[in-house]
file protein14.pdb (PDB, C-alpha atoms and all ligand atoms)
ATOM      1  CA  MET A   1     -12.906  37.722  22.513
ATOM      2  CA  PHE A   2     -11.678  34.154  22.990
ATOM      3  CA  GLU A   3      -8.014  33.907  23.954
ATOM      4  CA  PRO A   4      -5.645  31.456  25.667
ATOM      5  CA  THR A   5      -5.296  30.923  29.398
ATOM      6  CA  ASP A   6      -2.703  33.377  30.753
ATOM      7  CA  ALA A   7       0.540  31.425  31.213
ATOM      8  CA  LEU A   8       1.773  34.073  33.665
ATOM      9  CA  ALA A   9      -1.143  33.129  35.924
ATOM     10  CA  ALA A  10      -1.523  29.352  35.364
ATOM     11  CA  PRO A  11       1.538  27.262  34.361
ATOM     12  CA  ARG A  12       1.572  25.916  30.787
ATOM     13  CA  PHE A  13       1.623  22.284  31.859
ATOM     14  CA  THR A  14      -1.658  22.637  33.737
ATOM     15  CA  GLY A  15      -5.212  22.351  32.487
ATOM     16  CA  ILE A  16      -6.922  20.273  29.814
ATOM     17  CA  ARG A  17      -5.016  20.366  26.510
ATOM     18  CA  THR A  18      -6.525  22.504  23.773
ATOM     19  CA  PHE A  19      -4.671  24.209  20.927
ATOM     20  CA  ALA A  20      -2.545  26.974  22.482
ATOM     21  CA  ARG A  21      -4.662  26.645  25.667
ATOM     22  CA  LEU A  22      -7.582  28.316  23.882
ATOM     23  CA  PRO A  23     -11.116  27.844  25.198
ATOM     24  CA  HIS A  24     -12.799  24.670  23.961
ATOM     25  CA  THR A  25     -16.220  25.706  22.685
ATOM     26  CA  THR A  26     -18.423  24.975  19.684
ATOM     27  CA  THR A  27     -19.925  28.449  19.590
ATOM     28  CA  LEU A  28     -19.234  30.469  16.448
ATOM     29  CA  ASP A  29     -20.395  33.809  17.852
ATOM     30  CA  GLY A  30     -17.555  36.257  18.300
ATOM     31  CA  VAL A  31     -15.052  33.830  16.768
ATOM     32  CA  ASP A  32     -12.581  34.775  14.008
ATOM     33  CA  CYS A  33     -10.876  31.395  13.638
ATOM     34  CA  ALA A  34     -12.030  27.925  14.712
ATOM     35  CA  ILE A  35      -9.228  25.391  15.154
ATOM     36  CA  PHE A  36     -10.288  21.737  15.087
ATOM     37  CA  GLY A  37      -8.849  18.256  14.742
ATOM     38  CA  MET A  38      -9.582  15.622  12.092
ATOM     39  CA  PRO A  39      -8.322  12.388  13.698
ATOM     40  CA  TRP A  40      -8.109  10.176  10.641
ATOM     41  CA  ASP A  41      -5.471   8.059   8.916
ATOM     42  CA  GLY A  42      -7.464   5.721   6.689
ATOM     43  CA  GLY A  43      -6.097   7.450   3.587
ATOM     44  CA  THR A  44      -2.414   6.756   4.206
ATOM     45  CA  SER A  45      -0.347   4.697   1.779
ATOM     46  CA  PHE A  46       2.647   3.848   4.017
ATOM     47  CA  ARG A  47       2.994   4.667   7.735
ATOM     48  CA  SER A  48      -0.323   5.230   9.487
ATOM     49  CA  GLY A  49      -0.743   7.254  12.674
ATOM     50  CA  PRO A  50      -2.073  10.784  12.005
ATOM     51  CA  ARG A  51      -5.336   9.905  13.786
ATOM     52  CA  PHE A  52      -3.259  10.934  16.819
ATOM     53  CA  GLY A  53      -1.953  14.100  15.139
ATOM     54  CA  PRO A  54      -4.452  16.566  16.662
ATOM     55  CA  GLU A  55      -3.809  15.543  20.273
ATOM     56  CA  ALA A  56      -0.013  15.652  19.754
ATOM     57  CA  ILE A  57      -0.155  19.103  18.121
ATOM     58  CA  ARG A  58      -2.376  20.389  20.928
ATOM     59  CA  SER A  59       0.098  19.144  23.513
ATOM     60  CA  ALA A  60       3.065  20.768  21.724
ATOM     61  CA  SER A  61       1.142  24.032  21.275
ATOM     62  CA  ALA A  62       1.070  24.828  25.011
ATOM     63  CA  LEU A  63       4.240  26.877  24.603
ATOM     64  CA  LEU A  64       2.862  29.393  22.077
ATOM     65  CA  ARG A  65       2.793  32.995  23.269
ATOM     66  CA  PRO A  66       0.363  35.735  22.179
ATOM     67  CA  TYR A  67       2.708  38.156  20.324
ATOM     68  CA  ASN A  68       4.596  37.263  17.118
ATOM     69  CA  PRO A  69       7.748  39.425  16.795
ATOM     70  CA  ALA A  70       8.552  38.054  13.304
ATOM     71  CA  GLN A  71       5.328  39.637  11.981
ATOM     72  CA  ALA A  72       5.141  42.420  14.573
ATOM     73  CA  VAL A  73       1.581  41.384  15.318
ATOM     74  CA  GLN A  74      -0.555  40.569  18.329
ATOM     75  CA  VAL A  75      -2.048  37.173  17.505
ATOM     76  CA  PHE A  76      -4.028  36.086  20.567
ATOM     77  CA  GLY A  77      -5.874  38.973  22.150
ATOM     78  CA  ASN A  78      -6.340  40.490  18.685
ATOM     79  CA  LEU A  79      -7.776  37.509  16.831
ATOM     80  CA  SER A  80     -10.580  35.638  18.614
ATOM     81  CA  CYS A  81      -9.726  31.925  18.378
ATOM     82  CA  VAL A  82     -11.230  28.733  19.798
ATOM     83  CA  ASP A  83     -10.436  25.048  19.815
ATOM     84  CA  ARG A  84     -13.661  23.546  18.499
ATOM     85  CA  GLY A  85     -12.644  19.974  19.309
ATOM     86  CA  ASP A  86     -12.521  17.185  16.740
ATOM     87  CA  SER A  87     -14.608  16.484  13.663
ATOM     88  CA  PRO A  88     -16.403  13.125  13.513
ATOM     89  CA  THR A  89     -14.637  10.333  11.631
ATOM     90  CA  VAL A  90     -15.535   6.690  10.957
ATOM     91  CA  PRO A  91     -12.476   4.407  11.158
ATOM     92  CA  GLY A  92     -12.143   2.343   7.996
ATOM     93  CA  TYR A  93     -14.779   4.218   5.952
ATOM     94  CA  ILE A  94     -13.190   7.000   3.946
ATOM     95  CA  THR A  95     -16.176   8.326   1.955
ATOM     96  CA  GLU A  96     -18.339   8.371   5.085
ATOM     97  CA  THR A  97     -15.574  10.175   6.993
ATOM     98  CA  LEU A  98     -15.138  12.788   4.253
ATOM     99  CA  GLY A  99     -18.895  13.419   4.285
ATOM    100  CA  ARG A 100     -18.990  13.867   8.049
ATOM    101  CA  ILE A 101     -15.983  16.215   8.049
ATOM    102  CA  GLU A 102     -17.604  18.308   5.308
ATOM    103  CA  GLU A 103     -20.813  18.550   7.380
ATOM    104  CA  TYR A 104     -18.733  19.530  10.403
ATOM    105  CA  VAL A 105     -16.823  22.276   8.546
ATOM    106  CA  GLN A 106     -19.832  23.695   6.643
ATOM    107  CA  PRO A 107     -21.426  25.691   9.522
ATOM    108  CA  ILE A 108     -18.015  27.153  10.433
ATOM    109  CA  VAL A 109     -17.602  28.551   6.921
ATOM    110  CA  GLU A 110     -21.234  29.689   6.704
ATOM    111  CA  ALA A 111     -20.804  31.641   9.948
ATOM    112  CA  GLY A 112     -17.963  33.628   8.352
ATOM    113  CA  VAL A 113     -15.419  31.988  10.666
ATOM    114  CA  VAL A 114     -12.081  30.832   9.234
ATOM    115  CA  PRO A 115     -11.620  27.044   9.661
ATOM    116  CA  LEU A 116      -8.150  25.801  10.600
ATOM    117  CA  GLY A 117      -7.940  22.003  10.520
ATOM    118  CA  MET A 118      -5.372  19.756  12.163
ATOM    119  CA  GLY A 119      -4.994  16.399  10.411
ATOM    120  CA  GLY A 120      -5.309  13.630   9.945
ATOM    121  CA  ASP A 121      -3.742  12.406   6.738
ATOM    122  CA  HIS A 122      -4.019  14.594   3.632
ATOM    123  CA  SER A 123      -7.096  12.827   2.231
ATOM    124  CA  ILE A 124      -9.317  14.937   4.509
ATOM    125  CA  THR A 125      -8.473  18.241   2.767
ATOM    126  CA  ILE A 126     -11.093  17.594   0.086
ATOM    127  CA  ALA A 127     -13.817  17.574   2.765
ATOM    128  CA  GLU A 128     -12.762  21.034   3.953
ATOM    129  CA  LEU A 129     -12.441  22.354   0.380
ATOM    130  CA  ARG A 130     -15.911  21.085  -0.552
ATOM    131  CA  ALA A 131     -17.425  22.958   2.402
ATOM    132  CA  ILE A 132     -15.436  26.112   1.651
ATOM    133  CA  ALA A 133     -16.159  26.088  -2.107
ATOM    134  CA  LYS A 134     -19.914  25.970  -1.411
ATOM    135  CA  VAL A 135     -19.622  29.380   0.241
ATOM    136  CA  HIS A 136     -16.642  31.038  -1.472
ATOM    137  CA  GLY A 137     -16.495  29.244  -4.844
ATOM    138  CA  PRO A 138     -13.224  27.723  -6.078
ATOM    139  CA  VAL A 139     -10.267  28.848  -3.943
ATOM    140  CA  ALA A 140      -6.611  29.464  -4.698
ATOM    141  CA  LEU A 141      -4.685  26.523  -3.248
ATOM    142  CA  ILE A 142      -1.286  27.210  -1.714
ATOM    143  CA  GLN A 143       0.076  23.740  -0.972
ATOM    144  CA  PHE A 144       3.276  23.118   0.946
ATOM    145  CA  ASP A 145       4.118  19.462   0.403
ATOM    146  CA  SER A 146       6.883  17.193  -0.828
ATOM    147  CA  HIS A 147       4.217  15.542  -3.039
ATOM    148  CA  THR A 148       1.679  16.942  -5.497
ATOM    149  CA  ASP A 149      -1.076  14.540  -4.363
ATOM    150  CA  LEU A 150      -2.315  14.630  -7.958
ATOM    151  CA  TRP A 151      -2.253  10.904  -8.693
ATOM    152  CA  ASP A 152      -5.415   9.494 -10.247
ATOM    153  CA  GLN A 153      -5.851   6.405  -8.078
ATOM    154  CA  TYR A 154      -4.239   4.096  -5.558
ATOM    155  CA  PHE A 155      -5.061   0.391  -5.671
ATOM    156  CA  GLY A 156      -7.713   1.200  -8.279
ATOM    157  CA  LEU A 157      -9.664   3.456  -5.904
ATOM    158  CA  PRO A 158     -10.181   7.224  -5.948
ATOM    159  CA  TYR A 159      -9.792   8.504  -2.348
ATOM    160  CA  ASN A 160      -6.373   8.513  -0.708
ATOM    161  CA  HIS A 161      -3.857  11.038   0.600
ATOM    162  CA  GLY A 162      -1.991  10.836  -2.726
ATOM    163  CA  THR A 163      -5.031  11.667  -4.901
ATOM    164  CA  VAL A 164      -6.691  14.393  -2.834
ATOM    165  CA  MET A 165      -5.770  17.421  -4.928
ATOM    166  CA  ARG A 166      -6.777  15.755  -8.196
ATOM    167  CA  ARG A 167     -10.204  14.945  -6.734
ATOM    168  CA  ALA A 168     -10.543  18.500  -5.378
ATOM    169  CA  ILE A 169      -9.757  19.935  -8.822
ATOM    170  CA  GLU A 170     -12.259  17.560 -10.489
ATOM    171  CA  ASP A 171     -14.867  18.697  -7.945
ATOM    172  CA  GLY A 172     -14.312  22.334  -8.900
ATOM    173  CA  CYS A 173     -13.031  23.297  -5.432
ATOM    174  CA  ILE A 174      -9.703  24.715  -6.653
ATOM    175  CA  ASP A 175      -9.095  27.659  -8.993
ATOM    176  CA  THR A 176      -5.995  26.137 -10.560
ATOM    177  CA  ALA A 177      -4.948  29.311 -12.419
ATOM    178  CA  ARG A 178      -4.492  31.008  -9.026
ATOM    179  CA  SER A 179      -2.836  28.044  -7.281
ATOM    180  CA  VAL A 180       0.697  27.050  -6.276
ATOM    181  CA  GLN A 181       2.278  23.765  -5.173
ATOM    182  CA  ALA A 182       5.604  24.202  -3.391
ATOM    183  CA  GLY A 183       8.260  21.917  -1.917
ATOM    184  CA  ILE A 184       7.820  18.882  -4.163
ATOM    185  CA  ARG A 185      10.769  16.494  -4.297
ATOM    186  CA  GLY A 186      11.735  12.852  -4.224
ATOM    187  CA  PRO A 187      11.170   9.984  -6.626
ATOM    188  CA  VAL A 188       7.879   9.571  -8.496
ATOM    189  CA  TYR A 189       6.402   6.862 -10.738
ATOM    190  CA  ALA A 190       6.933   8.347 -14.209
ATOM    191  CA  PRO A 191       8.139  11.515 -16.025
ATOM    192  CA  GLU A 192       4.497  12.660 -16.441
ATOM    193  CA  ASP A 193       4.240  12.988 -12.646
ATOM    194  CA  VAL A 194       6.745  15.873 -12.793
ATOM    195  CA  ASP A 195       4.494  17.760 -15.231
ATOM    196  CA  ALA A 196       1.270  17.089 -13.320
ATOM    197  CA  THR A 197       1.073  20.443 -11.488
ATOM    198  CA  ALA A 198       1.660  22.517 -14.626
ATOM    199  CA  SER A 199      -0.721  20.346 -16.661
ATOM    200  CA  TYR A 200      -3.512  21.566 -14.384
ATOM    201  CA  GLY A 201      -2.378  25.176 -14.852
ATOM    202  CA  MET A 202      -0.944  25.530 -11.337
ATOM    203  CA  GLU A 203       2.434  27.081 -10.501
ATOM    204  CA  PHE A 204       4.975  24.326  -9.817
ATOM    205  CA  VAL A 205       7.658  25.272  -7.294
ATOM    206  CA  PRO A 206       9.569  22.060  -6.563
ATOM    207  CA  TRP A 207      11.926  22.262  -3.598
ATOM    208  CA  ARG A 208      15.022  22.559  -5.840
ATOM    209  CA  ARG A 209      13.494  25.769  -7.260
ATOM    210  CA  LEU A 210      12.143  27.037  -3.938
ATOM    211  CA  ALA A 211      15.506  26.433  -2.222
ATOM    212  CA  ARG A 212      17.024  29.031  -4.568
ATOM    213  CA  MET A 213      14.341  31.657  -3.843
ATOM    214  CA  THR A 214      14.216  34.132  -0.982
ATOM    215  CA  PRO A 215      11.032  34.174   1.105
ATOM    216  CA  GLU A 216      10.303  37.622  -0.387
ATOM    217  CA  GLN A 217      10.567  36.253  -3.945
ATOM    218  CA  PHE A 218       8.277  33.378  -3.043
ATOM    219  CA  GLY A 219       5.774  35.728  -1.395
ATOM    220  CA  THR A 220       5.677  37.911  -4.508
ATOM    221  CA  LEU A 221       5.215  34.910  -6.807
ATOM    222  CA  VAL A 222       2.331  33.562  -4.701
ATOM    223  CA  ARG A 223       0.602  36.962  -4.314
ATOM    224  CA  GLU A 224       0.751  37.530  -8.081
ATOM    225  CA  ARG A 225      -0.772  34.114  -8.704
ATOM    226  CA  VAL A 226      -3.435  34.248  -5.995
ATOM    227  CA  GLY A 227      -4.619  37.825  -6.592
ATOM    228  CA  THR A 228      -7.467  39.213  -4.497
ATOM    229  CA  GLY A 229      -9.720  36.135  -4.393
ATOM    230  CA  PRO A 230     -10.122  33.628  -1.563
ATOM    231  CA  ALA A 231      -7.173  31.359  -0.743
ATOM    232  CA  PHE A 232      -6.488  28.224   1.296
ATOM    233  CA  ILE A 233      -3.137  26.998   2.646
ATOM    234  CA  SER A 234      -2.750  23.240   2.915
ATOM    235  CA  PHE A 235       0.462  22.435   4.755
ATOM    236  CA  ASP A 236       1.591  18.805   4.638
ATOM    237  CA  ILE A 237       4.206  18.454   7.376
ATOM    238  CA  ASP A 238       6.322  16.319   5.000
ATOM    239  CA  PHE A 239       7.163  19.636   3.295
ATOM    240  CA  LEU A 240       9.909  19.789   5.924
ATOM    241  CA  ASP A 241      13.027  17.690   5.834
ATOM    242  CA  PRO A 242      12.509  14.498   7.879
ATOM    243  CA  SER A 243      15.365  15.534  10.172
ATOM    244  CA  PHE A 244      13.090  18.358  11.337
ATOM    245  CA  ALA A 245       9.761  16.556  10.952
ATOM    246  CA  PRO A 246      10.325  12.786  11.131
ATOM    247  CA  ALA A 247       6.829  11.978  12.388
ATOM    248  CA  THR A 248       4.999  11.678   9.100
ATOM    249  CA  GLY A 249       3.661   9.013   6.783
ATOM    250  CA  THR A 250       5.730   9.417   3.619
ATOM    251  CA  PRO A 251       8.910  11.387   4.446
ATOM    252  CA  GLU A 252      11.139  12.743   1.650
ATOM    253  CA  PRO A 253      14.743  13.659   2.546
ATOM    254  CA  GLY A 254      16.460  16.803   1.287
ATOM    255  CA  GLY A 255      13.860  19.395   2.250
ATOM    256  CA  PRO A 256      13.655  22.680   4.146
ATOM    257  CA  THR A 257      14.623  23.361   7.731
ATOM    258  CA  SER A 258      12.074  24.559  10.273
ATOM    259  CA  HIS A 259      13.462  28.077   9.884
ATOM    260  CA  GLU A 260      13.087  28.036   6.092
ATOM    261  CA  ALA A 261       9.559  26.621   6.306
ATOM    262  CA  LEU A 262       8.437  29.307   8.758
ATOM    263  CA  GLU A 263      10.030  32.060   6.650
ATOM    264  CA  PHE A 264       8.301  30.935   3.420
ATOM    265  CA  LEU A 265       5.009  30.897   5.308
ATOM    266  CA  ARG A 266       5.566  34.323   6.895
ATOM    267  CA  ALA A 267       6.121  35.778   3.414
ATOM    268  CA  LEU A 268       2.459  35.137   2.476
ATOM    269  CA  THR A 269       0.985  38.385   3.733
ATOM    270  CA  GLY A 270      -1.516  40.359   1.661
ATOM    271  CA  ILE A 271      -3.686  37.345   0.781
ATOM    272  CA  ARG A 272      -7.368  36.790   1.607
ATOM    273  CA  PHE A 273      -7.358  33.483   3.466
ATOM    274  CA  VAL A 274     -10.603  31.555   3.950
ATOM    275  CA  GLY A 275      -9.110  28.413   5.472
ATOM    276  CA  PHE A 276      -6.005  26.466   6.451
ATOM    277  CA  ASP A 277      -4.914  22.993   7.382
ATOM    278  CA  VAL A 278      -1.824  21.216   8.677
ATOM    279  CA  VAL A 279      -1.791  17.501   7.943
ATOM    280  CA  GLU A 280       0.173  14.248   8.118
ATOM    281  CA  VAL A 281       1.581  14.472  11.671
ATOM    282  CA  ALA A 282       1.976  10.852  12.848
ATOM    283  CA  PRO A 283       3.333  11.341  16.389
ATOM    284  CA  GLN A 284       4.360   7.708  16.915
ATOM    285  CA  TYR A 285       7.407   8.417  14.726
ATOM    286  CA  ASP A 286       8.428  11.583  16.527
ATOM    287  CA  GLY A 287      11.604  12.105  18.526
ATOM    288  CA  PRO A 288      11.709  12.419  22.310
ATOM    289  CA  GLY A 289      11.377  16.206  21.998
ATOM    290  CA  GLN A 290       8.237  15.880  19.821
ATOM    291  CA  GLN A 291       9.860  18.109  17.212
ATOM    292  CA  THR A 292       7.315  17.354  14.479
ATOM    293  CA  SER A 293       4.320  18.249  16.630
ATOM    294  CA  LEU A 294       6.180  21.332  17.823
ATOM    295  CA  ILE A 295       6.847  22.650  14.321
ATOM    296  CA  ALA A 296       3.246  21.785  13.326
ATOM    297  CA  ALA A 297       1.962  23.896  16.238
ATOM    298  CA  ASN A 298       4.229  26.748  15.145
ATOM    299  CA  VAL A 299       3.099  26.450  11.513
ATOM    300  CA  ILE A 300      -0.481  26.893  12.754
ATOM    301  CA  TYR A 301       0.646  29.888  14.805
ATOM    302  CA  GLU A 302       2.114  31.488  11.646
ATOM    303  CA  MET A 303      -1.189  30.866   9.838
ATOM    304  CA  LEU A 304      -3.042  32.650  12.646
ATOM    305  CA  SER A 305      -0.427  35.402  12.406
ATOM    306  CA  LEU A 306      -1.196  35.868   8.693
ATOM    307  CA  LEU A 307      -4.868  36.371   9.612
ATOM    308  CA  ALA A 308      -3.878  38.809  12.345
ATOM    309  CA  VAL A 309      -1.660  40.782   9.930
ATOM    310  CA  GLU A 310      -4.513  41.029   7.409
ATOM    311  CA  ARG A 311      -6.877  42.238  10.104
ATOM    312  CA  LYS A 312      -4.362  44.865  11.230
ATOM    313  CA  ASN A 313      -3.814  46.146   7.674
ATOM    314  CA  ARG A 314      -7.490  46.154   6.707
TER     315      ARG A 314
HETATM  316 MN    MN A 401       3.273  14.786   1.266
HETATM  317 MN    MN A 402       0.183  15.650   0.934
END
call {"tool": "encode", "arguments": {"input": "protein14.pdb", "output": "structure tokens", "more": "lines below"}}
Ligand code: MN
Ligand code: MN
result
Amino acid sequence: MFEPTDALAAPRFTGIRTFARLPHTTTLDGVDCAIFGMPWDGGTSFRSGPRFGPEAIRSASALLRPYNPAQAVQVFGNLSCVDRGDSPTVPGYITETLGRIEEYVQPIVEAGVVPLGMGGDHSITIAELRAIAKVHGPVALIQFDSHTDLWDQYFGLPYNHGTVMRRAIEDGCIDTARSVQAGIRGPVYAPEDVDATASYGMEFVPWRRLARMTPEQFGTLVRERVGTGPAFISFDIDFLDPSFAPATGTPEPGGPTSHEALEFLRALTGIRFVGFDVVEVAPQYDGPGQQTSLIAANVIYEMLSLLAVERKNR
């Protein structure tokens, strides 16, 4: 059982930073969930910076404690988790980077361990989904994001953080009939962009719709869509309002609070998760309290909590 350093024995500000002060190891034996970084921002279209996302999230995660009262579940100490370090990336070479991330994630999935990736800009999600789909087949995508990331190209080229979900669908990594995109808002290029999610057969829950739903209603909608098959949560930190998460590449005002975001996530119990990621944290734009990295660390904690709840109920 891999679990964090005891903060009642060694102060939280001591030691080498890993996610939640978990052991840093590349072993997959006896591991339920492997957390890793993908330090990459070559797919951004506006502000760059998420190559430093993993280290910032790790630093902010030192405050996480083992028991989650909101889910009444023991997270650490029940779920065996490690910080596997960072995937390889090649600055400036997106296709090479995506290939190396896929190779890095593949053995994690093959070992039956749940991968939890810290971005990195959103372009890297396709590398994780390719590795996961090879083992599990197409997955249900539950995407929290202020954008659909379904555009066909940027600057005439296919790989970018704004095209990642379209490429993943074309690659057969996503079971669109079981998928949901939630939180979308802000201006787009044309009216067709608003219909993009539904045109692929996915459930479209723009923020103006989600804002009128309770977390319980959202949880029911997602569970009905996803069913019993494998599912993946991709959480773009720009899902949150920029007042709560300013440190991101393409912020969209008028979104959820940290509380609302955590509640919508907590509602997703009863789903078979085979992977997660949290992307688009660009810490250079954060406030002095590092609020974006802090909420990103807590989003990851809620993902781990969902795994722990499933394990408990199994
Ligand atoms: Mn986004
Ligand atoms: Mn995105």
call {"tool": "closest_atom_pairs", "arguments": {"input": "protein14.pdb", "of": "chain A", "to": "ligand MN 402 (chain A)", "cutoff": "8 Å", "atoms": "only C-alpha atoms and all ligand atoms", "output": "Markdown table"}}
result
| residue | atom | partner | partner_atom | distance |
| --- | --- | --- | --- | --- |
| A:Asp121 | CA | A:MN402 | MN | 7.7 |
| A:His122 | CA | A:MN402 | MN | 5.1 |
| A:Ser123 | CA | A:MN402 | MN | 7.9 |
| A:Asp145 | CA | A:MN402 | MN | 5.5 |
| A:Ser146 | CA | A:MN402 | MN | 7.1 |
| A:His147 | CA | A:MN402 | MN | 5.7 |
| A:Thr148 | CA | A:MN402 | MN | 6.7 |
| A:Asp149 | CA | A:MN402 | MN | 5.6 |
| A:His161 | CA | A:MN402 | MN | 6.1 |
| A:Gly162 | CA | A:MN402 | MN | 6.4 |
| A:Val164 | CA | A:MN402 | MN | 7.9 |
| A:Phe235 | CA | A:MN402 | MN | 7.8 |
| A:Asp236 | CA | A:MN402 | MN | 5.1 |
| A:Asp238 | CA | A:MN402 | MN | 7.4 |
| A:Val279 | CA | A:MN402 | MN | 7.5 |
| A:Glu280 | CA | A:MN402 | MN | 7.3 |
call {"tool": "atom_distance", "arguments": {"input": "protein14.pdb", "atom1": "atom CA of A:Asn313", "atom2": "atom CA of A:Pro4"}}
result
23.3 Å
call {"tool": "closest_residue", "arguments": {"input": "protein14.pdb", "among": "A:Arg209, A:Arg17, A:Arg272, A:Arg185", "to": "ligand MN 401 (chain A)", "atoms": "all atoms listed in the file"}}
result
A:Arg185
call {"tool": "resolve_selection", "arguments": {"input": "protein14.pdb", "expression": "the PyMOL selection byres (((chain A and resi 269) around 10) and not hetatm)", "output": "ChimeraX atom specification"}}
result
/A:71,219-220,222-223,265-268,270-273,303,305-310,313
call {"tool": "resolve_selection", "arguments": {"input": "protein14.pdb", "expression": "the PyMOL selection byres (((chain A and resi 22) around 7) and not hetatm)", "output": "list in words"}}
result
Glu3, Pro4, Thr5, Thr18, Phe19, Ala20, Arg21, Pro23, His24, Cys81, Val82 and Asp83 of chain A
call {"tool": "residues_near_point", "arguments": {"input": "protein14.pdb", "point": "(11.8, 14.5, 7.7)", "cutoff": "12 Å", "atoms": "only C-alpha atoms", "output": "PyMOL selection string"}}
result
chain A and resi 145-146+236-258+280-282+285-287+291-292+295
call {"tool": "resolve_selection", "arguments": {"input": "protein14.pdb", "expression": "the PyMOL selection byres (((chain A and resi 132) around 10) and not hetatm)", "output": "MDAnalysis selection string"}}
result
chainID A and resid 102 105:110 114:115 126:131 133:139 173 230 232 274:275
call {"tool": "atom_distance", "arguments": {"input": "protein14.pdb", "atom1": "atom CA of A:Gly186", "atom2": "atom CA of A:Glu170"}}
result
25.2 Å
call {"tool": "closest_residue", "arguments": {"input": "protein14.pdb", "among": "A:Leu8, A:Ala190, A:Leu210, A:Met202", "to": "A:Leu63", "atoms": "all atoms listed in the file"}}
result
A:Leu8
call {"tool": "closest_residue", "arguments": {"input": "protein14.pdb", "among": "A:Ala297, A:Leu150, A:Val205, A:Ala177", "to": "ligand MN 401 (chain A)", "atoms": "only C-alpha atoms and all ligand atoms"}}
result
A:Leu150
call {"tool": "atom_distance", "arguments": {"input": "protein14.pdb", "atom1": "atom CA of A:Gly30", "atom2": "atom CA of A:Arg311"}}
result
14.7 Å
call {"tool": "residues_around", "arguments": {"input": "protein14.pdb", "residues": "A:Pro91", "least_positions_apart": "4", "cutoff": "8 Å", "atoms": "all atoms listed in the file", "output": "ChimeraX atom specification"}}
result
/A:40,42,97
call {"tool": "write_last_selection", "arguments": {"input": "protein14.pdb", "atoms": "C-alpha atoms", "output": "CSV table (one decimal), keeping the file's coordinate frame"}}
result
chain,number,residue,atom,x,y,z
A,40,TRP,CA,-8.1,10.2,10.6
A,42,GLY,CA,-7.5,5.7,6.7
A,97,THR,CA,-15.6,10.2,7.0
call {"tool": "closest_residue", "arguments": {"input": "protein14.pdb", "among": "A:Ser80, A:Ser87, A:Ser61, A:Ser293", "to": "A:Asp29", "atoms": "all atoms listed in the file"}}
result
A:Ser80
